[in-house]
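Q: Here's a structure for you.
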Amino acid sequence: VTADPGQTPTETADARNAIDLTAASEVAAADVPPEILAQSLGQYLRGWGLRVRSGNSGVLPVVLAIVVVAVVFEIVTPEHAFLRPSNLVYIFGLSTVYMVLAMAETVVLLLGEIDLSVGAVALFGGVIAFKLVQVPGPAWPWWAAILTSLVACGVVGALQGTLVARLRIPSFIVSLAGFLLFSGILVLVLGGADGFVDVSASVPNQSVIYYMVQGLISPVAGWVTLAVVVGAVGTKLWLRAAARRRQGLVAAPAGLTAIRIALVAVIGVAVVLICGVNRGTSLVTVEGVPWVIPIVLVVLGAWTLLLQRTRFGRYVYAIGGNPEAARRAGVSLAAIRTWAFALCSATAGLGGILLGSFFFGQYSTNTADPGQLVLYSVAAAVIGGTSLFGGRGKAIHGVLGGLLIGGIAYGVSLLELGNLATPLEYILPGGVLLVAVGVDVVSRRGATTGSVAHV
Amino acid sequence: MTLDPGGTPTGTVDARTAVDLTAAPEVAAAEVPPEILAESLGDFLRAWWLRLRSGNSGVLPVVLAIVVVAVGFQIANGKFLSPQNLVNLFEQSTVYMVLAMAEIFALLLGEIDLSVGLVMGFGSVVVGELVQPTGPGWPWWAAIIVTLLSCATIGLIQGTLVARLKMPSFIVTLGGLLILEGGAILVLGGGLVGIGNSRFTNEVVLYDIFWGRFDPVVGWVLLAVLMGAAGTLLWFRDARRRREGLAAPPPSLTAVKVVLMAVAGIVVVAICNVNRAHSGTIEGVPYIIPIVLVVLGASTVLLQRTRFGRYVFAIGGNPESARRAGVSLPAVRTWGFVLSALTSGIAGVLFASWQVSLTTNIIKTANSYVLLAVAAAVIGGTSLFGGRGRTIHGVLGGLVIGGIYNGLYLLGVSSQWIDVVVAGVLLAAATIDVLSRRGAPSRT
């Protein structure tokens with residue numbers, strides 16, 4: 001650190017470039033997203049195959065894992081109940097908190113750091129929002145309560161981020177202390193170990209929070225919304241690709257754009273169809289898309305935009321890939337790191353509100369274990385394909401990983417296992433986490449790009 | 001990774017060595033333990049002071065912290081320093097101390113073991129289950145041996161994943177603790193395991209490990225024998241070193257050490273021999289004090305006096321140079337995790353004996369102890385970045401944590417606030433570690 005070997009990195013970098021240039025063109029192609037190089041759909045598929053084989057498999061493994069889990073549980077559960085529409089909707093609700101927390105964790109993982117406090121901060125944020133809409137009590141409007149909770153969590157994250165970014169205390173220690181701190185504060189805010197706070201569906205202001213996860217969009221409104229969303233997204237995708245092609249920029253082939261739009265439409269139709277089935281009893285009709293699906297999509301869209309299309313996002317990937325190179329390129333490491341922790345905690349706060357809503361609007365010390373929440377969220381992000389070593393990952397990985405974790409958790413609870421059920425709730429995610437990290441470590445070893453700084 | 005820039009590091013090292021040679025001799029002296037250089041007691045004190053100012057403060061900050069905690073709580077509540085409460089405080093701290101010593105094996109390597117709390121919880125359930133007369137009904141010694149072996153095996157698996165597959169240790173042990181939590185609940189079988197039944201000898205022995213105590217007279221005799229042996233050993237070793245012309249502390253320093261040890265021993269036995277029962281008689285040195293001393297002694301000898309210990313410090317200081325010097329990184333790392341889990345298993349036996357009956361909720365509590373173990377180690381003076389620390393730090397740090405818990409509890413503070421305070425203490429200790437490391441002249 002004291003003696004700055006200014007010469008050396010340049011030499012090393014030069015040497016590596018030289019190797020890359022002389023390498024087989026297939027290897028070089030595998031490092032670039034195939035949609036940039038491909039001129040036709042066939043070329044794209046070939047490029048994609050190369051990329052998968054070279055270790056950059058993206059979301060493929062997690063999608064395969066979801067399919068495997070769905071098929072296996074459908075076969076082994078009593079009465080083959082796993083894939084019933086009512087169960088699928090329930091699994092999505094259960095997975096919501098893991099999805100949102102995993103998206104929160106993703107930005108910190110991308111930096112090569114970790115935030116072990118997301119679980120505790122999420123519960124803290126949820127309890128704050130729930131406390132603020134109490135009558136008698138503060139009786140704030142729901143939007144002010146949610147906003148305050150997110151800001152409070154953001155401040156918490158910024159404080160932790162400052163300790164990590166400015167003092168360079170290892171993030172797992174700072175967030176371990178944050179975990180302890182907010183697990184304690186959480187119980188204090190709740191009002192003791194047997195305290196609880198709930199929101200009611202019958203109070204108009206509170207019902208918004210109550211229905212965030214459970215509330216339903218009527219089937220007709222669901223179809224209309226789907227049509228509007230698919231139309232808007234499709235037009236946007238198509239026009240953007242067309243504009244790029246017209247201006248001679250690298251762009252995906254037209255066939256690929258069409259397939260993407262069709263895929264979005266098919267998934268959307270499937271989701272609305274499944275949610276449109278009446279999953280109530282003969283007396284009560286329960287049908288329609290739950291509110292939580294658009295909420296998760298909005299969070300996913302926001303994080304994807306922030307990470308893929310803004311300067312902040314590019315800096316995050318740059319720091320995760322190689323902090324020293326990013327610093328020399330003029331990126332303010334401390335500022336980006338602090339912001340990432342702040343945004344992570346704010347997103348976690350939203351996850352906490354959704355968690356309370358999922359538990360029928362009630363928060364008690366039994367609602368969720370903050371330690372288990374954080375393990376599941378890290379596991380979800382890593383299983384989804386985000387690297388623990390920084391610089392590789394997307395928000396969508398968190399959503400897919402969260403769905404997998406939620407599916408496993410619910411599938412196990414459907415099996416009649418007796419005494420084995422509770423232990424398996426711990427053992428399975430632990431095993432899945434280890435397998436995912438093992439795959440991450442091994443695939444990273446084979447990859448040509450990625451960070452050298454951590455080695 | 002592919003390109004090994006063999007030429008460059010040598011150049012850098014040369015430049016750094018050159019700087020060290022031209023540095024002021026005071027700075028150079030501060031890097032060597034003062035007892036090696038000192039010729040007299042005065043020399044030693046001067047060298048020690050230099051070392052202190054350069055950031056290598058050793059156990060001084062944690063001793064100061066213990067004094068501050070003791071004085072602060074004594075002022076706030078007059079009962080804090082009463083003999084009853086001091087023994088009580090040591091009992092509360094025991095598990096933190098042993099667990100912190102377990103964590104130090106990982107920390108010294110520059111790794112972390114987040115599973116120590118649940119290895120302890122798992123071990124406690126296994127040892128409790130094995131002696132159940134309605135279940136396996138094993139003798140207590142067989143149960144303890146099997147518990148320690150199974151904990152060591154857990155460490156072996158985790159260590160192998162870290163050392164051979166190069167998976168980050170905090171993730172391996174995070175996944176490990178999840179699996180162990182499931183394992184512990186599985187062994188519990190949804191019920192409760194108790195060792196409080198006085199009709200079964202094996203349960204009584206397990207119970208007595210934590211709650212048993214020596215007769216006051218036996219306590220004094222043991223102290224005399226122990227002090228005599230340790231004093232003689234220390235004195236003769238230093239005398240031999242001096243005779244053979246090796247670097248050795250001055251005789252006055254050896255004498256001061258022996259006297260300090262004897263005084264500390266006498267104070268402890270005297271405090272423990274006060275009757276601490278409200279009615280009836282509870283007096284004598286609890287068994288856990290020698291147990292902690294044995295664990296401390298064994299781990300200290302292992303780390304300070306064996307080749308394995310030197311390798312641990314070498315890897316923690318700089319893994320690459322250790323590798324180039326021919327140290328097998330995977331083997332030493334794996335053993336570090338085995339020792340960490342084994343020591344956690346010892347904590348597990350103590351934990352089972354302490355809690356008397358074990359439930360699923362107590363296993364969850366055991367999990368939260370990992371934070372206290374890391375906090376105790378770091379507060380004691382062990383670095384989070386590897387290569388700096390001793391197991392005595394775990395004992396002293398555990399005493400600080402136990403003191404804070406005990407003192408706040410006496411003041412009627414709720415357990416949530418205590419967690420908040422401990423988190424603050426952990427952050428403060430980590431900050432001091434980072435800042436002192438930044439100021440230290442050695443190591444990059």
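How things are named: the first chain in the structure tokens is A, the next is B, and so on; residues count from 1 in each chain; ligands count from 1 in the order shown.
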Only residues of chain A matter here; which ones have an atom within 9 Å of chain B, counting only C-alpha atoms? Give them as a ChimeraX atom specification.

A: /A:1-5,8,12,15-16,163,167-170,172-174,176-188,192-193,371-372,375,379,388,419-420,422-434,437-438,440-442,452,455

Q: What lies within 12 Å of A:Gly268 using only C-alpha atoms, ignoring chain neighbours under 3 positions off, as a PyMOL selection string?

A: chain A and resi 222-231+233+261-265+271-276+289+293-294+297

Q: Rounded to one decimal place, report the atom CA of B:Gln92-atom CA of B:Gly117 distance in Å.

A: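 Going from atom CA of B:Gln92 over to atom CA of B:Gly117 covers 15.3 Å.
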
Q: May I have all residues of stretch 77-258 of chain A that DSSP, computed from the backbone, assigns to helix (DSSP H, G or I), given as a ChimeraX atom specification?

A: /A:78-80,85-110,118-132,142-165,171-190,204-214,219-246,254-258

Q: Atom CA of A:Val133 and atom CA of A:Ala145, how far apart in Å?

A: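 Here the two named atoms are 6.5 Å from each other.
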
Q: Show me, as an MDAnalysis selection string, the residues that have an atom within 8 Å of stretch 76-83 of chain B when counting only C-alpha atoms, minus same-chain residues fewer than 3 positions from it.

A: chainID B and resid 70 72:73 86:87 271:272 274 276 407 410:411
